[in-house]
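Q: Please see the structure below; I have some questions.
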Amino acid sequence: MLIAFDDYPVHQTSLPLGQAGSGNPNHYDRFWFNGFREDLMFGVAFCSYPNKQLMEGAFSLLTEGRQVSVHASGRMNPDPVDTGLGPLRIEIVEPMRVNRVIVDAPEYDIHADLLYTATTEAFEEAHQTSYAGNRLLMDVTRATQWGTWTGSIEANGTSIDLGTGIHATKDRSWGSRLSPGTTEAAPMGSGGMLFLWSPIHFDDECFHFLVFEHADGTQWLHDAAMVPKPSGPPVRVGHVDHEISWLPEHRRARFVTLSPHTIDADSMGDITLEPLMCFQMKGIGYGHPVWGHGKWHGELAVGSDAFEPADLDP
């Protein structure tokens, strides 16, 4: 199947660009955004699974202690450049610079017209590949970028104007990773992992740290960088130590201290992170009992949910 972008000399395999380079059913291509200020946070997710012929997306807003979401899932558009499904659409106004997000779900009283504008260059994280025995769990490229949102949101019966702009984080990732909709396979057993992902906004620069650890605490990926504003290449940091103070009997942090060091092992000073609000990632599909990632719901399915995070069993 040919698409318009096949006219550009950017092919990486012998296949047309509309086809994944492998037949892995877990192959995916995802947009992920958040936006936040002291009184609200929202998340946006949109993903294509070409080998499943499936697309899905979600928008979720947390404000005044209540989180509302709209979810969509359906057959993938014939042209993969068409990143719209039901009430959700993501437009690439300027690649790696400007995106527009439109949400129009009148049946759930959720609307948004948002413009993301980058304030840094994109940071290509270290490539992320992980196995459980001989089973591939993850083989992913991720680009993280900082920016601002302008525009408006209508939800929870209120209208919100983002004014001159609020903080934004963008995550573009692609490759393969396990999803709940995967064909049945032998169970992998328990073990779990720790994933810390910390893109931080400062006035004149941004900081990023990520680490993956196995259940025994051994790290299988570590990366960190300082990212200048408004332009300039990211500068990798030598190493970041992390310490988490957990809430008693919770898998939720009371605070986290990051201690970055230069390539020469000199301390760069500590960064302490404390939670301001609790945005549930299930609002954009992560671990959602119905709208979990990679599941087939039919040609087009749209739904919504609402909850108060403080009332949930942690």
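Every chain in the structure tokens takes a letter, A first, then B, and so on in the order presented; its residues are numbered from 1, and the ligands are numbered from 1 following the presented order.
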Set the distance at 9 Å and use only C-alpha atoms: which residues neighbour range 126-138 of chain A once local chain neighbours fewer than 4 positions away are removed? I'd like the list as a list in words.

A: Arg142, Gly175, Ser176, Arg177, Leu178, Met188, Trp220, Leu221, His222 and Asp223 of chain A

Q: If you keep N, CA and C atoms, can you produce a file of those selected residues as a tab-separated table (two decimals), in the first residue's frame?

A:
chain	number	residue	atom	x	y	z
A	142	ARG	N	12.51	6.55	21.84
A	142	ARG	CA	11.65	7.57	22.42
A	142	ARG	C	12.33	8.93	22.30
A	175	GLY	N	8.25	1.50	17.98
A	175	GLY	CA	8.99	0.25	18.07
A	175	GLY	C	8.03	-0.86	18.43
A	176	SER	N	8.39	-1.67	19.43
A	176	SER	CA	7.48	-2.72	19.89
A	176	SER	C	7.59	-2.87	21.39
A	177	ARG	N	6.45	-3.11	22.02
A	177	ARG	CA	6.40	-3.45	23.44
A	177	ARG	C	5.09	-4.18	23.71
A	178	LEU	N	5.10	-5.02	24.71
A	178	LEU	CA	3.92	-5.84	24.99
A	178	LEU	C	2.72	-4.95	25.32
A	188	MET	N	4.68	-14.95	31.88
A	188	MET	CA	6.08	-14.64	32.17
A	188	MET	C	6.39	-14.70	33.64
A	220	TRP	N	18.99	-1.70	33.88
A	220	TRP	CA	19.29	-2.13	32.52
A	220	TRP	C	19.26	-0.96	31.54
A	221	LEU	N	18.88	0.23	32.01
A	221	LEU	CA	19.02	1.43	31.18
A	221	LEU	C	19.04	2.65	32.09
A	222	HIS	N	19.89	3.60	31.75
A	222	HIS	CA	20.04	4.83	32.52
A	222	HIS	C	20.43	5.92	31.53
A	223	ASP	N	19.75	7.07	31.60
A	223	ASP	CA	20.08	8.18	30.70
A	223	ASP	C	19.66	9.48	31.36

Q: Using only C-alpha atoms, can you tell me which of A:Val98, A:Pro275, A:Pro230, A:Val70 comes closest to Glu38 in chain A?

A: A:Pro275

Q: For Trp149 in chain A, list every protein, DNA or RNA residue within 10 Å, evaluated using only C-alpha atoms, and leave out those in the same chain fewer than 6 positions away; present the list as JSON, numbers by chain.

A: {"A": [34, 35, 36, 98, 99, 100, 101, 114, 115, 116, 117, 118, 162, 163, 164, 165, 166, 167, 168, 169]}

Q: Out of A:Val237, A:Met193, A:Val68, A:Val140, which residue has the shortest atom-to-atom distance to Glu154 in chain A when counting only C-alpha atoms?

A: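 For Glu154 in chain A, the nearest of the given residues is A:Val68.
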
Q: Quick one: pull the distance between CA of Glu121 in chain A and CA of Arg236 in chain A, Å, one decimal.

A: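 We find that CA of Glu121 in chain A and CA of Arg236 in chain A lie 13.6 Å from each other.
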
Q: Considering only C-alpha atoms, state which residue in the set A:Leu300, A:Asp241, A:Phe123, A:Asp39 is at the smallest distance from Cys206 in chain A.

A: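 Selected residue with least distance to Cys206 in chain A: A:Phe123.
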
Q: Which residue out of A:Pro50, A:Pro314, A:Gly283, A:Gly43 has the minimum interatomic distance to Gly23 in chain A when only C-alpha atoms are used?

A: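 Using only C-alpha atoms, the shortest distance to Gly23 in chain A belongs to A:Pro50.
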
Q: Using only C-alpha atoms, pick whichever of A:Thr63, A:Gln19, A:Ser267, A:Ser231 has the shortest atom-to-atom distance to Thr158 in chain A.

A: A:Thr63

Q: Write out as an mmCIF file with N, CA, C and O atoms, in the first residue's frame each polymer residue whose atoms come within 12 Å of Asp203 in chain A, counting only C-alpha atoms; drop sequence neighbours fewer than 6 positions from it.

A:
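Once written, part.cif looks like this:
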data_model
loop_
_atom_site.group_PDB
_atom_site.id
_atom_site.type_symbol
_atom_site.label_atom_id
_atom_site.label_comp_id
_atom_site.auth_asym_id
_atom_site.auth_seq_id
_atom_site.Cartn_x
_atom_site.Cartn_y
_atom_site.Cartn_z
ATOM 1 N N THR A 119 9.644 24.298 23.156
ATOM 2 C CA THR A 119 10.574 25.319 23.652
ATOM 3 C C THR A 119 11.998 24.770 23.737
ATOM 4 O O THR A 119 12.898 25.479 24.187
ATOM 5 N N THR A 120 12.199 23.516 23.339
ATOM 6 C CA THR A 120 13.530 22.903 23.290
ATOM 7 C C THR A 120 13.613 22.034 22.045
ATOM 8 O O THR A 120 12.601 21.747 21.390
ATOM 9 N N TRP A 146 10.163 19.406 25.483
ATOM 10 C CA TRP A 146 9.478 20.304 26.390
ATOM 11 C C TRP A 146 8.849 21.433 25.578
ATOM 12 O O TRP A 146 9.351 21.815 24.516
ATOM 13 N N GLY A 147 7.738 21.980 26.096
ATOM 14 C CA GLY A 147 7.075 23.034 25.357
ATOM 15 C C GLY A 147 6.003 23.718 26.184
ATOM 16 O O GLY A 147 5.994 23.637 27.425
ATOM 17 N N HIS A 167 2.891 24.694 31.023
ATOM 18 C CA HIS A 167 3.940 23.719 30.751
ATOM 19 C C HIS A 167 3.405 22.523 29.963
ATOM 20 O O HIS A 167 2.301 22.041 30.202
ATOM 21 N N VAL A 227 18.943 20.125 28.828
ATOM 22 C CA VAL A 227 18.436 20.511 27.514
ATOM 23 C C VAL A 227 18.228 22.021 27.506
ATOM 24 O O VAL A 227 17.382 22.537 28.251
ATOM 25 N N PRO A 228 18.990 22.763 26.690
ATOM 26 C CA PRO A 228 18.888 24.230 26.703
ATOM 27 C C PRO A 228 17.557 24.723 26.147
ATOM 28 O O PRO A 228 16.899 24.061 25.352
ATOM 29 N N LYS A 229 17.175 25.925 26.587
ATOM 30 C CA LYS A 229 16.069 26.668 25.994
ATOM 31 C C LYS A 229 16.639 27.926 25.339
ATOM 32 O O LYS A 229 17.544 28.554 25.896
ATOM 33 N N PRO A 230 16.111 28.385 24.214
ATOM 34 C CA PRO A 230 15.065 27.767 23.391
ATOM 35 C C PRO A 230 15.610 26.798 22.351
ATOM 36 O O PRO A 230 14.837 26.158 21.644
#

Q: Taking only C-alpha atoms into account, which of A:His250, A:Ala215, A:Phe5, A:Val103 comes nearest His71 in chain A?

A: A:Val103

Q: Select from range 8-77 of chain A everything DSSP, run on the backbone, classes as strand (DSSP E), then give the selection as an NGL selection string.

A: :A and (27-37 or 40-49 or 54-63 or 66-75)
